[in-house]
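Asks: Coordinates in run_20.csv, CSV, C-alpha atoms and all ligand atoms, are listed below.
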chain,number,residue,atom,x,y,z
S,27,MET,CA,0.0,0.0,0.0
S,28,LYS,CA,1.5,3.3,-1.1
S,29,GLN,CA,0.3,6.9,-1.2
S,30,ILE,CA,1.4,8.8,-4.2
S,31,LEU,CA,1.0,12.5,-5.0
S,32,ILE,CA,1.2,13.5,-8.6
S,33,ALA,CA,1.5,17.2,-9.2
S,34,GLY,CA,0.1,18.2,-12.6
S,35,GLY,CA,-2.0,15.1,-12.2
S,36,ALA,CA,-4.7,16.2,-14.6
S,37,GLY,CA,-2.2,17.0,-17.3
S,38,PHE,CA,-1.2,14.6,-20.1
S,39,VAL,CA,1.7,12.9,-18.3
S,40,GLY,CA,0.3,13.2,-14.8
S,41,SER,CA,-3.2,11.9,-15.6
S,42,ASN,CA,-1.9,8.9,-17.6
S,43,LEU,CA,0.6,8.0,-14.8
S,44,ALA,CA,-2.1,8.4,-12.2
S,45,PHE,CA,-4.6,6.2,-14.2
S,46,LEU,CA,-2.0,3.5,-15.0
S,47,LEU,CA,-0.7,3.3,-11.4
S,48,LYS,CA,-4.2,3.0,-10.0
S,49,ASN,CA,-5.0,0.4,-12.6
S,50,LYS,CA,-2.0,-1.7,-11.7
S,51,TYR,CA,-2.1,-1.2,-8.0
S,52,PRO,CA,-5.8,-0.8,-6.9
S,53,ASP,CA,-4.8,-0.6,-3.2
S,54,TRP,CA,-2.6,2.4,-3.6
S,55,LYS,CA,-3.9,5.9,-2.9
S,56,ILE,CA,-3.2,8.1,-5.9
S,57,ILE,CA,-3.8,11.9,-5.5
S,58,ALA,CA,-3.8,14.0,-8.6
S,59,LEU,CA,-3.2,17.7,-7.8
S,60,ASP,CA,-3.6,20.2,-10.6
S,61,ASN,CA,-4.6,23.9,-11.0
S,62,LEU,CA,-6.2,23.2,-14.4
S,63,LYS,CA,-4.1,25.9,-16.1
S,64,ARG,CA,-3.7,23.8,-19.2
S,65,ARG,CA,-6.8,23.9,-21.4
S,66,GLY,CA,-8.3,20.5,-21.7
S,67,SER,CA,-6.8,19.1,-18.4
S,68,GLU,CA,-10.3,19.5,-16.9
S,69,LEU,CA,-11.5,16.7,-19.3
S,70,ASN,CA,-9.2,14.3,-17.6
S,71,ILE,CA,-10.7,14.6,-14.2
S,72,ALA,CA,-13.7,12.4,-14.9
S,73,PHE,CA,-11.4,9.7,-16.4
S,74,LEU,CA,-9.4,9.7,-13.2
S,75,LYS,CA,-12.4,9.6,-10.9
S,76,LEU,CA,-13.7,6.6,-12.8
S,77,ILE,CA,-10.9,4.5,-11.6
S,78,GLY,CA,-10.6,5.9,-8.1
S,79,VAL,CA,-7.8,8.5,-8.4
S,80,GLU,CA,-8.5,11.4,-6.0
S,81,PHE,CA,-8.5,14.8,-7.7
S,82,LEU,CA,-7.3,17.8,-5.7
S,83,HIS,CA,-7.6,21.3,-7.1
S,84,GLY,CA,-4.4,23.0,-6.0
S,85,ASP,CA,-1.6,25.1,-7.2
S,86,ILE,CA,2.0,24.2,-6.5
S,87,ARG,CA,2.9,27.9,-6.4
S,88,ASN,CA,1.0,28.1,-3.1
S,89,LYS,CA,2.6,26.2,-0.2
S,90,GLU,CA,-0.8,26.3,1.5
S,91,ASP,CA,-2.2,24.0,-1.2
S,92,LEU,CA,0.4,21.4,-0.3
S,93,GLU,CA,-0.5,20.5,3.3
S,94,PHE,CA,-1.3,16.8,3.8
S,95,ASN,CA,-2.0,15.2,7.1
S,96,GLU,CA,-1.7,11.7,5.8
S,97,PRO,CA,1.8,10.3,4.9
S,98,ILE,CA,3.0,10.5,1.3
S,99,ASP,CA,5.4,7.8,0.1
S,100,PHE,CA,6.2,9.3,-3.4
S,101,ILE,CA,5.8,12.6,-5.2
S,102,ILE,CA,5.9,12.7,-8.9
S,103,ASP,CA,6.4,16.2,-10.2
S,104,ALA,CA,4.6,16.5,-13.6
S,105,ALA,CA,3.2,20.0,-13.1
S,106,ALA,CA,4.7,22.6,-15.4
S,107,GLU,CA,4.2,25.1,-18.0
S,108,PRO,CA,5.8,22.8,-20.6
S,109,SER,CA,6.1,25.1,-23.7
S,110,ILE,CA,9.5,25.9,-25.1
S,111,LEU,CA,8.0,29.3,-26.3
S,112,ALA,CA,6.5,30.3,-23.0
S,113,GLY,CA,8.0,33.4,-21.5
S,114,LEU,CA,10.1,34.3,-24.5
S,115,GLU,CA,7.8,37.2,-25.3
S,116,GLY,CA,8.9,38.9,-22.1
S,117,THR,CA,6.9,37.5,-19.1
S,118,PRO,CA,8.6,34.4,-17.6
S,119,ASP,CA,6.9,34.9,-14.2
S,120,TYR,CA,4.5,32.0,-14.5
S,121,LEU,CA,7.3,29.6,-15.6
S,122,ILE,CA,9.6,30.6,-12.8
S,123,ASN,CA,6.8,30.5,-10.2
S,124,THR,CA,5.5,27.1,-11.3
S,125,ASN,CA,8.5,25.2,-12.8
S,126,LEU,CA,11.0,26.4,-10.3
S,127,LYS,CA,9.4,27.8,-7.1
S,128,GLY,CA,6.5,25.2,-7.3
S,129,THR,CA,9.0,22.4,-7.7
S,130,ILE,CA,10.9,23.7,-4.6
S,131,HIS,CA,7.6,23.6,-2.7
S,132,LEU,CA,7.2,20.0,-3.7
S,133,LEU,CA,10.8,19.2,-2.7
S,134,SER,CA,10.1,20.7,0.8
S,135,LEU,CA,6.9,18.6,1.0
S,136,ALA,CA,9.0,15.5,0.1
S,137,LYS,CA,11.5,16.4,2.8
S,138,LYS,CA,8.7,16.8,5.4
S,139,HIS,CA,7.1,13.4,4.5
S,140,ASN,CA,10.4,11.6,3.8
S,141,ALA,CA,8.9,10.8,0.4
S,142,GLY,CA,10.7,9.6,-2.7
S,143,PHE,CA,10.8,12.3,-5.4
S,144,ILE,CA,10.4,11.5,-9.1
S,145,PHE,CA,11.1,14.5,-11.3
S,146,ILE,CA,9.9,14.6,-14.9
S,147,SER,CA,12.5,16.8,-16.4
S,148,THR,CA,13.2,17.6,-20.1
S,149,SER,CA,15.7,17.2,-22.9
S,150,ARG,CA,15.2,21.0,-23.2
S,151,ILE,CA,17.7,21.5,-20.4
S,152,TYR,CA,20.4,21.1,-23.1
S,153,PRO,CA,21.5,24.4,-24.6
S,154,ILE,CA,20.0,25.4,-27.9
S,155,LYS,CA,23.2,26.7,-29.6
S,156,LYS,CA,25.1,23.5,-28.9
S,157,LEU,CA,22.3,21.4,-30.2
S,158,GLU,CA,22.2,23.6,-33.3
S,159,ALA,CA,25.9,23.1,-33.8
S,160,LEU,CA,25.7,19.3,-34.2
S,161,ASN,CA,26.8,17.7,-37.4
S,162,PHE,CA,24.0,16.2,-39.4
S,163,PHE,CA,23.2,15.2,-42.9
S,164,GLU,CA,20.1,15.3,-45.0
S,165,THR,CA,18.3,12.4,-46.6
S,166,ASP,CA,15.1,12.6,-48.8
S,167,TRP,CA,13.0,12.3,-45.6
S,168,ARG,CA,14.9,13.6,-42.6
S,169,PHE,CA,18.0,14.9,-40.9
S,170,GLU,CA,20.4,12.3,-39.4
S,171,LEU,CA,23.2,12.8,-36.9
S,172,LYS,CA,26.7,12.1,-38.0
S,173,GLU,CA,29.1,9.9,-36.0
S,174,ASN,CA,31.6,12.7,-35.6
S,175,GLN,CA,30.4,15.5,-33.3
S,176,PRO,CA,31.9,18.6,-31.7
S,177,PHE,CA,30.9,17.8,-28.1
S,178,ILE,CA,31.0,14.8,-25.8
S,179,GLY,CA,27.7,13.1,-25.0
S,180,CYS,CA,26.6,13.0,-28.6
S,181,SER,CA,26.8,10.2,-31.2
S,182,VAL,CA,24.5,8.7,-33.9
S,183,LYS,CA,22.6,7.3,-31.0
S,184,GLY,CA,21.7,10.8,-29.8
S,185,ILE,CA,22.3,13.0,-26.8
S,186,ALA,CA,23.6,11.4,-23.6
S,187,GLU,CA,23.6,12.8,-20.0
S,188,THR,CA,27.2,14.0,-20.4
S,189,PHE,CA,26.3,16.5,-23.1
S,190,PRO,CA,27.6,20.0,-22.1
S,191,LEU,CA,25.2,22.3,-20.2
S,192,SER,CA,26.6,25.8,-20.8
S,193,GLY,CA,24.5,28.2,-22.9
S,194,ALA,CA,20.9,29.4,-23.1
S,195,ARG,CA,18.1,26.9,-23.4
S,196,SER,CA,14.7,28.8,-23.1
S,197,PHE,CA,13.0,29.8,-19.9
S,198,TYR,CA,11.3,26.5,-19.9
S,199,GLY,CA,14.5,24.5,-20.1
S,200,ALA,CA,16.2,26.9,-17.6
S,201,THR,CA,13.5,26.6,-15.0
S,202,LYS,CA,13.6,22.8,-15.3
S,203,LEU,CA,17.4,22.7,-15.0
S,204,ALA,CA,17.4,25.1,-12.1
S,205,SER,CA,14.9,22.7,-10.4
S,206,GLU,CA,17.3,19.8,-11.1
S,207,PHE,CA,20.1,21.8,-9.3
S,208,ILE,CA,18.0,22.6,-6.3
S,209,LEU,CA,16.8,19.0,-6.2
S,210,GLN,CA,20.5,17.9,-6.0
S,211,GLU,CA,21.1,20.2,-3.0
S,212,TYR,CA,18.1,18.6,-1.3
S,213,GLU,CA,19.7,15.2,-2.0
S,214,GLU,CA,23.1,16.2,-0.8
S,215,PHE,CA,22.2,18.2,2.4
S,216,TYR,CA,18.7,17.0,3.3
S,217,ASP,CA,19.0,13.4,2.4
S,218,LEU,CA,16.2,13.6,-0.1
S,219,LYS,CA,15.9,10.5,-2.3
S,220,ALA,CA,15.1,11.4,-5.9
S,221,VAL,CA,15.5,10.4,-9.5
S,222,ILE,CA,15.6,12.8,-12.5
S,223,ASN,CA,14.2,11.7,-15.8
S,224,ARG,CA,15.1,14.0,-18.7
S,225,CYS,CA,12.5,13.2,-21.2
S,226,GLY,CA,12.5,13.9,-25.0
S,227,VAL,CA,9.1,14.3,-26.7
S,228,ILE,CA,6.4,12.2,-25.0
S,229,ALA,CA,3.0,11.6,-26.7
S,230,GLY,CA,-0.2,9.6,-26.4
S,231,PRO,CA,-3.9,9.9,-25.7
S,232,ARG,CA,-5.0,12.7,-23.3
S,233,GLN,CA,-2.4,15.1,-24.6
S,234,MET,CA,-4.0,18.5,-25.5
S,235,GLY,CA,-1.6,19.2,-28.3
S,236,LYS,CA,-1.2,22.7,-29.5
S,237,VAL,CA,1.1,24.6,-31.9
S,238,ASP,CA,3.7,25.3,-29.2
S,239,GLN,CA,3.6,22.0,-27.3
S,240,GLY,CA,2.5,18.4,-28.1
S,241,VAL,CA,3.4,18.2,-31.8
S,242,VAL,CA,2.5,14.6,-32.3
S,243,VAL,CA,-1.1,15.0,-31.1
S,244,LEU,CA,-1.4,18.3,-32.9
S,245,TRP,CA,-0.3,16.6,-36.2
S,246,MET,CA,-2.8,13.7,-35.8
S,247,ALA,CA,-5.6,16.0,-34.7
S,248,ARG,CA,-5.1,18.3,-37.7
S,249,HIS,CA,-5.3,15.3,-40.0
S,250,PHE,CA,-8.3,13.9,-38.2
S,251,TRP,CA,-10.3,17.1,-38.6
S,252,LYS,CA,-8.7,18.0,-41.9
S,253,LYS,CA,-7.2,21.3,-40.7
S,254,GLU,CA,-4.1,23.1,-42.1
S,255,LEU,CA,-0.5,22.5,-40.8
S,256,SER,CA,2.8,24.2,-41.5
S,257,TYR,CA,6.4,22.9,-41.9
S,258,ILE,CA,8.1,25.8,-40.0
S,259,GLY,CA,11.8,26.5,-40.6
S,260,TYR,CA,14.6,24.5,-42.3
S,261,ASN,CA,13.3,25.9,-45.7
S,262,GLY,CA,9.9,24.4,-45.1
S,263,SER,CA,11.4,20.9,-45.7
S,264,GLY,CA,9.7,19.2,-42.8
S,265,LYS,CA,12.9,17.3,-42.2
S,266,GLN,CA,13.5,18.3,-38.6
S,267,VAL,CA,13.7,15.2,-36.3
S,268,ARG,CA,12.6,14.3,-32.8
S,269,ASP,CA,12.4,11.0,-31.0
S,270,VAL,CA,9.2,10.3,-29.2
S,271,MET,CA,8.2,8.1,-26.3
S,272,HIS,CA,4.8,6.5,-25.9
S,273,ILE,CA,3.3,7.6,-22.5
S,274,HIS,CA,2.9,3.8,-21.7
S,275,ASP,CA,6.7,3.4,-22.1
S,276,LEU,CA,7.2,6.3,-19.6
S,277,PHE,CA,4.8,4.6,-17.3
S,278,ASP,CA,6.8,1.3,-17.5
S,279,LEU,CA,9.9,3.2,-16.4
S,280,ILE,CA,8.2,5.2,-13.5
S,281,ASP,CA,6.7,1.9,-12.3
S,282,TYR,CA,10.1,0.3,-12.3
S,283,GLU,CA,11.6,3.4,-10.5
S,284,ILE,CA,8.9,3.2,-7.7
S,285,ILE,CA,9.4,-0.5,-7.2
S,286,HIS,CA,13.3,-0.3,-7.4
S,287,PHE,CA,13.6,3.1,-5.9
S,288,THR,CA,16.8,2.5,-3.8
S,289,GLU,CA,18.6,1.5,-7.1
S,290,VAL,CA,17.6,4.6,-9.0
S,291,ALA,CA,17.8,7.2,-6.3
S,292,GLY,CA,20.4,9.8,-7.1
S,293,LYS,CA,20.4,9.0,-10.8
S,294,ILE,CA,19.8,11.3,-13.8
S,295,TYR,CA,18.6,9.6,-16.9
S,296,ASN,CA,18.0,10.7,-20.5
S,297,VAL,CA,14.7,9.0,-21.4
S,298,GLY,CA,13.0,8.8,-24.8
S,299,GLY,CA,12.1,6.8,-27.8
S,300,GLY,CA,15.7,7.0,-29.2
S,301,HIS,CA,16.6,6.6,-32.8
S,302,ASP,CA,14.3,3.6,-33.3
S,303,VAL,CA,11.2,5.6,-32.4
S,304,SER,CA,12.0,9.0,-34.0
S,305,PHE,CA,10.3,10.9,-36.8
S,306,SER,CA,10.7,13.9,-39.1
S,307,LEU,CA,7.6,16.0,-39.7
S,308,LYS,CA,7.5,14.6,-43.2
S,309,GLU,CA,7.4,11.1,-41.9
S,310,LEU,CA,4.8,12.1,-39.3
S,311,THR,CA,2.6,13.4,-42.1
S,312,ASP,CA,3.0,10.2,-44.0
S,313,CYS,CA,2.0,8.1,-41.0
S,314,CYS,CA,-1.0,10.3,-40.1
S,315,VAL,CA,-2.3,10.1,-43.7
S,316,GLU,CA,-1.9,6.4,-43.7
S,317,ILE,CA,-3.9,6.0,-40.4
S,318,THR,CA,-6.6,8.6,-41.0
S,319,GLY,CA,-6.9,8.3,-44.8
S,320,ASN,CA,-7.0,12.2,-44.8
S,321,LYS,CA,-4.7,14.6,-46.5
S,322,THR,CA,-4.4,18.1,-45.1
S,323,PRO,CA,-2.9,21.2,-46.7
S,324,ILE,CA,0.7,21.8,-45.4
S,325,ASN,CA,2.1,25.3,-45.7
S,326,LYS,CA,5.9,26.0,-45.9
S,327,VAL,CA,7.4,28.6,-43.7
S,328,LEU,CA,11.0,29.1,-44.6
S,329,SER,CA,12.4,30.9,-41.6
S,330,ASN,CA,13.2,29.0,-38.4
S,331,ARG,CA,11.0,29.4,-35.3
S,332,ILE,CA,12.7,30.8,-32.2
S,333,GLY,CA,14.2,28.1,-29.9
S,334,ASP,CA,13.8,25.4,-32.6
S,335,ILE,CA,16.5,22.8,-33.2
S,336,PRO,CA,17.0,20.7,-36.4
S,337,ILE,CA,17.3,17.3,-34.6
S,338,TYR,CA,17.0,15.9,-31.1
S,339,ILE,CA,17.4,12.1,-30.4
S,340,THR,CA,17.6,10.7,-26.9
S,341,ASP,CA,20.5,8.4,-26.2
S,342,HIS,CA,18.8,6.2,-23.6
S,343,SER,CA,21.8,3.8,-23.2
S,344,LEU,CA,22.4,4.6,-19.5
S,345,VAL,CA,18.8,4.0,-18.3
S,346,THR,CA,18.6,0.9,-20.5
S,347,GLU,CA,21.9,-0.5,-19.1
S,348,GLU,CA,21.0,0.2,-15.5
S,349,THR,CA,17.3,-0.7,-15.4
S,350,GLY,CA,16.7,-2.9,-18.5
S,351,TRP,CA,14.0,-0.4,-19.6
S,352,PHE,CA,13.7,0.4,-23.2
S,353,PRO,CA,10.9,1.9,-25.4
S,354,ARG,CA,8.7,-0.9,-26.7
S,355,ARG,CA,6.0,1.0,-28.6
S,356,ASN,CA,6.7,2.3,-32.1
S,357,LEU,CA,5.4,5.4,-33.9
S,358,HIS,CA,2.6,3.6,-35.8
S,359,GLU,CA,1.2,2.1,-32.5
S,360,LEU,CA,1.5,5.5,-30.8
S,361,LEU,CA,-0.4,7.3,-33.6
S,362,THR,CA,-3.0,4.6,-33.8
S,363,ASN,CA,-3.7,5.0,-30.1
S,364,ILE,CA,-4.0,8.7,-30.4
S,365,TYR,CA,-6.3,8.3,-33.4
S,366,ASP,CA,-8.6,5.9,-31.5
S,367,TRP,CA,-8.8,8.3,-28.6
S,368,LEU,CA,-9.8,11.2,-30.9
S,369,LYS,CA,-12.4,9.0,-32.5
S,370,LYS,CA,-13.8,7.9,-29.1
S,371,ASP,CA,-13.9,11.3,-27.5
S,372,GLU,CA,-14.4,13.4,-30.7
S,373,LYS,CA,-17.3,15.5,-29.5
S,374,GLN,CA,-15.5,16.6,-26.3
S,375,LEU,CA,-12.1,17.1,-27.9
S,376,LYS,CA,-13.3,19.0,-31.0
S,377,ASN,CA,-13.4,22.4,-29.2
S,378,ILE,CA,-9.9,22.0,-27.9
S,379,LEU,CA,-8.0,20.1,-30.6
S,380,ALA,CA,-9.8,21.0,-33.8
S,381,ILE,CA,-8.7,24.7,-33.9
S,401,LIG,N1,4.9,16.3,-23.1
S,401,LIG,C1,6.2,16.2,-23.4
S,401,LIG,O1,6.5,16.0,-24.5
S,401,LIG,C2,7.2,16.4,-22.3
S,401,LIG,C3,8.5,16.1,-22.6
S,401,LIG,C4,9.5,16.3,-21.7
S,401,LIG,C5,9.1,16.6,-20.4
S,401,LIG,N2,7.8,16.9,-20.1
S,401,LIG,C6,7.5,17.2,-18.7
S,401,LIG,O2,6.4,16.5,-18.3
S,401,LIG,C7,5.7,17.2,-17.3
S,401,LIG,C8,4.2,17.2,-17.7
S,401,LIG,O3,4.0,17.8,-19.0
S,401,LIG,P1,2.7,17.5,-19.8
S,401,LIG,O4,3.2,17.2,-21.2
S,401,LIG,O5,1.9,16.5,-19.1
S,401,LIG,O6,2.1,18.9,-19.8
S,401,LIG,P2,0.5,19.3,-19.5
S,401,LIG,O7,0.4,20.8,-19.7
S,401,LIG,O8,-0.4,18.4,-20.2
S,401,LIG,O9,0.5,19.0,-17.9
S,401,LIG,C9,1.0,19.8,-16.9
S,401,LIG,C10,-0.2,20.0,-15.9
S,401,LIG,O10,0.3,20.9,-14.9
S,401,LIG,C11,-0.7,21.7,-14.5
S,401,LIG,N3,-0.2,22.9,-13.9
S,401,LIG,C12,0.4,24.0,-14.5
S,401,LIG,N4,0.8,24.9,-13.6
S,401,LIG,C13,0.4,24.4,-12.4
S,401,LIG,C14,0.5,24.9,-11.0
S,401,LIG,N5,1.1,26.0,-10.8
S,401,LIG,N6,0.0,24.1,-10.0
S,401,LIG,C15,-0.6,22.9,-10.3
S,401,LIG,N7,-0.7,22.4,-11.5
S,401,LIG,C16,-0.2,23.1,-12.6
S,401,LIG,C17,-1.5,22.0,-15.8
S,401,LIG,O11,-2.8,22.4,-15.6
S,401,LIG,C18,-1.4,20.7,-16.5
S,401,LIG,O12,-2.6,19.9,-16.2
S,401,LIG,C19,6.2,18.6,-17.3
S,401,LIG,O13,7.0,18.8,-16.2
S,401,LIG,C20,7.1,18.7,-18.5
S,401,LIG,O14,8.2,19.5,-18.3
S,401,LIG,C21,6.8,16.7,-21.0
Rewrite the coordinates I just gave you, this time as structure tokens.
Ligand SMILES: NC(=O)c1ccc[n+]([C@@H]2O[C@H](COP(=O)([O-])OP(=O)(O)OC[C@H]3O[C@@H](n4cnc5c(N)ncnc54)[C@H](O)[C@@H]3O)[C@@H](O)[C@H]2O)c1
Replies:
Amino acid sequence: MKQILIAGGAGFVGSNLAFLLKNKYPDWKIIALDNLKRRGSELNIAFLKLIGVEFLHGDIRNKEDLEFNEPIDFIIDAAAEPSILAGLEGTPDYLINTNLKGTIHLLSLAKKHNAGFIFISTSRIYPIKKLEALNFFETDWRFELKENQPFIGCSVKGIAETFPLSGARSFYGATKLASEFILQEYEEFYDLKAVINRCGVIAGPRQMGKVDQGVVVLWMARHFWKKELSYIGYNGSGKQVRDVMHIHDLFDLIDYEIIHFTEVAGKIYNVGGGHDVSFSLKELTDCCVEITGNKTPINKVLSNRIGDIPIYITDHSLVTEETGWFPRRNLHELLTNIYDWLKKDEKQLKNILAI
């Protein structure tokens, strides 16, 4: 019997982890805390209640919302403003107050309850200019990393944990990295037990994809409802590449981490689909057309979008070596699961995803 608090528990990652944990361990008490800032998160509440996850309306920026009389065994921090573009227009306050100060409040809560801390961090902690400087070549369909790279921690397999950290990375990436640093101080001086998962793109059902965050769902939704899309940057080629991890693959890892917590405490892992589960926008289009049977107009925007990078692939060798975890679901399965969800909840989702 465990009690687990999931911050951001109505969001895409949080609600899926909450549901899957409760489904696998019906005796555990799972509390999903969320301030419902993300449009569409409110739709996930009914889905959580159905299986017996407790929903708590709360804001991690307010310490007063984080007072619990009952013991907490684990805190999973999946609450954030997760957009790479957020704050770049001149107001980073929400990001700093949620992604950094809010996480510090959760770290204090973990200290108070002697709870294990699972931090959902991001590949966006790696600096933009360094990622832009990587050597890659172009095929008919995508960019590919070359073997020879200017920095340590990068190979054809992708970006490893040893990749350099100096340079700007967006307010989103910076607030997540700053949280990682504070978390490490809690580990060192307050004996907090924690694990950091630096995730590449994650996707799956219940993600409220929008132009600045959640590209895989956005792409499938626009095909589903036959709405326009754009290949932005890189001459409008659509060859920019990301790896992607099915949310169920992330669940498999978090499940492992909870059960084997003493083995993973103190670790930092790069987690993602890796080269085997990666896509260019062109390839994503191809797969969406195949699954939906719909073709949608795609505009070409030649100039690059601020903060964008041509290619990011997670090198998950370390986590695979140490835990045996690896991504099992491929792109086709992921997109099919998203398509089935859109079809099932079409009426509800139309107002949010068909814009
Ligand atoms: N989705 C991805 O591709 C991806 C990739 C790497 C890392 N991550 C990380 O995963 C975590 C979850 O992201 P997601 O994709 O589920 O995003 P999401 O927006 O779907 O979920 C985040 C949730 O946090 C809630 N929230 C925001 N501010 C809050 C606050 N102050 N107090 C309480 N709740 C608040 C939102 O309402 C939302 O429901 C984030 O930490 C993000 O950095 C996501």
Asks: Once you count only C-alpha atoms and all ligand atoms, which residues end up within 6 Å of ligand LIG 401 (chain S), and could you hand them over as a ChimeraX atom specification?
Replies: /S:34,36-40,60-64,67,84-87,104-108,124,146-148,225-228,233,240
Asks: Mind listing whatever residues come within 10 Å of the point (9.4, 22.7, -38.8)? Use only C-alpha atoms, file coordinates, and give them as a list in words.
Replies: Ser256, Tyr257, Ile258, Gly259, Tyr260, Asn261, Gly262, Ser263, Gly264, Lys265, Gln266, Val267, Ser306, Leu307, Lys308, Lys326, Val327, Leu328, Ser329, Asn330, Arg331, Asp334, Ile335 and Pro336 of chain S
Asks: For atom CA of Ala194 of chain S and atom CA of His131 of chain S, quote the distance in Å rounded to one decimal.
Replies: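 Those two atoms sit 25.0 Å apart.
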Asks: Restricting the calculation to all atoms listed in the file: of S:Ala44, S:Leu375, S:Leu255, S:Ile98, which residue gets closest to Lys75 of chain S?
Replies: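 Checking each candidate against Lys75 of chain S, we get S:Ala44 as the closest.
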Asks: Give me the residues within 9 Å of Leu74 of chain S as an MDAnalysis selection string, counting all atoms listed in the file and dropping any in the same chain fewer than 4 places off.
Replies: chainID S and resid 36 41:42 44:45 58 70 78:81
Asks: So that I can see what lies close to segment 181-189 of chain S, please list as a PyMOL selection string the residues with an atom at most 7 Å from it, counting only C-alpha atoms and leaving out residues fewer than 2 positions away in the same chain.
Replies: chain S and resi 171-175+177-179+191+295-296+301+339-341
Asks: For a test of reading the model, state the distance in Å between atom CA of Asn223 of chain S and atom CA of Ala291 of chain S, rounded to one decimal.
Replies: 11.1 Å
Asks: From the list S:Val270, S:Val243, S:Ile77, S:Leu203, which residue is nearest Leu368 of chain S when using only C-alpha atoms?
Replies: S:Val243
Asks: For Ser196 of chain S, which of S:Ile332, S:Leu209, S:Glu90, S:His83 is the closest residue, counting all atoms listed in the file?
Replies: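 Using all atoms listed in the file, the shortest distance to Ser196 of chain S belongs to S:Ile332.
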Asks: I'd like the interatomic distance between atom CA of Ala112 of chain S and atom CA of Arg168 of chain S, to a tenth of an Å.
Replies: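 Spanning atom CA of Ala112 of chain S to atom CA of Arg168 of chain S is a straight-line distance of 27.1 Å.
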Asks: Pick from S:Arg150, S:Lys137, S:Lys28, S:Lys373: nearest to Trp54 of chain S, with all atoms listed in the file counted?
Replies: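 Ranking S:Arg150, S:Lys137, S:Lys28, S:Lys373 by distance to Trp54 of chain S, first place goes to S:Lys28.
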Asks: Measuring atom to atom with all atoms listed in the file, identify which of S:Glu170, S:Pro190, S:Asn363, S:Ile317 is nearest to Arg268 of chain S.
Replies: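 Of all the options, S:Glu170 lies closest to Arg268 of chain S.
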Asks: Would you please work out which residue, of S:Met246, S:His272, S:Tyr198, S:Leu157, is nearest to Thr311 of chain S when using only C-alpha atoms?
Replies: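 Closest to Thr311 of chain S of all the choices is S:Met246.
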Asks: Segment 280-286 of chain S: which residues within 12 Å, counting only C-alpha atoms, same-chain residues fewer than 2 positions away excluded, as number ranges by chain?
Replies: S: 27-30, 32, 39-40, 42-44, 46-51, 99-104, 141-146, 219-223, 225, 273-278, 288-295, 297, 345-346, 348-352
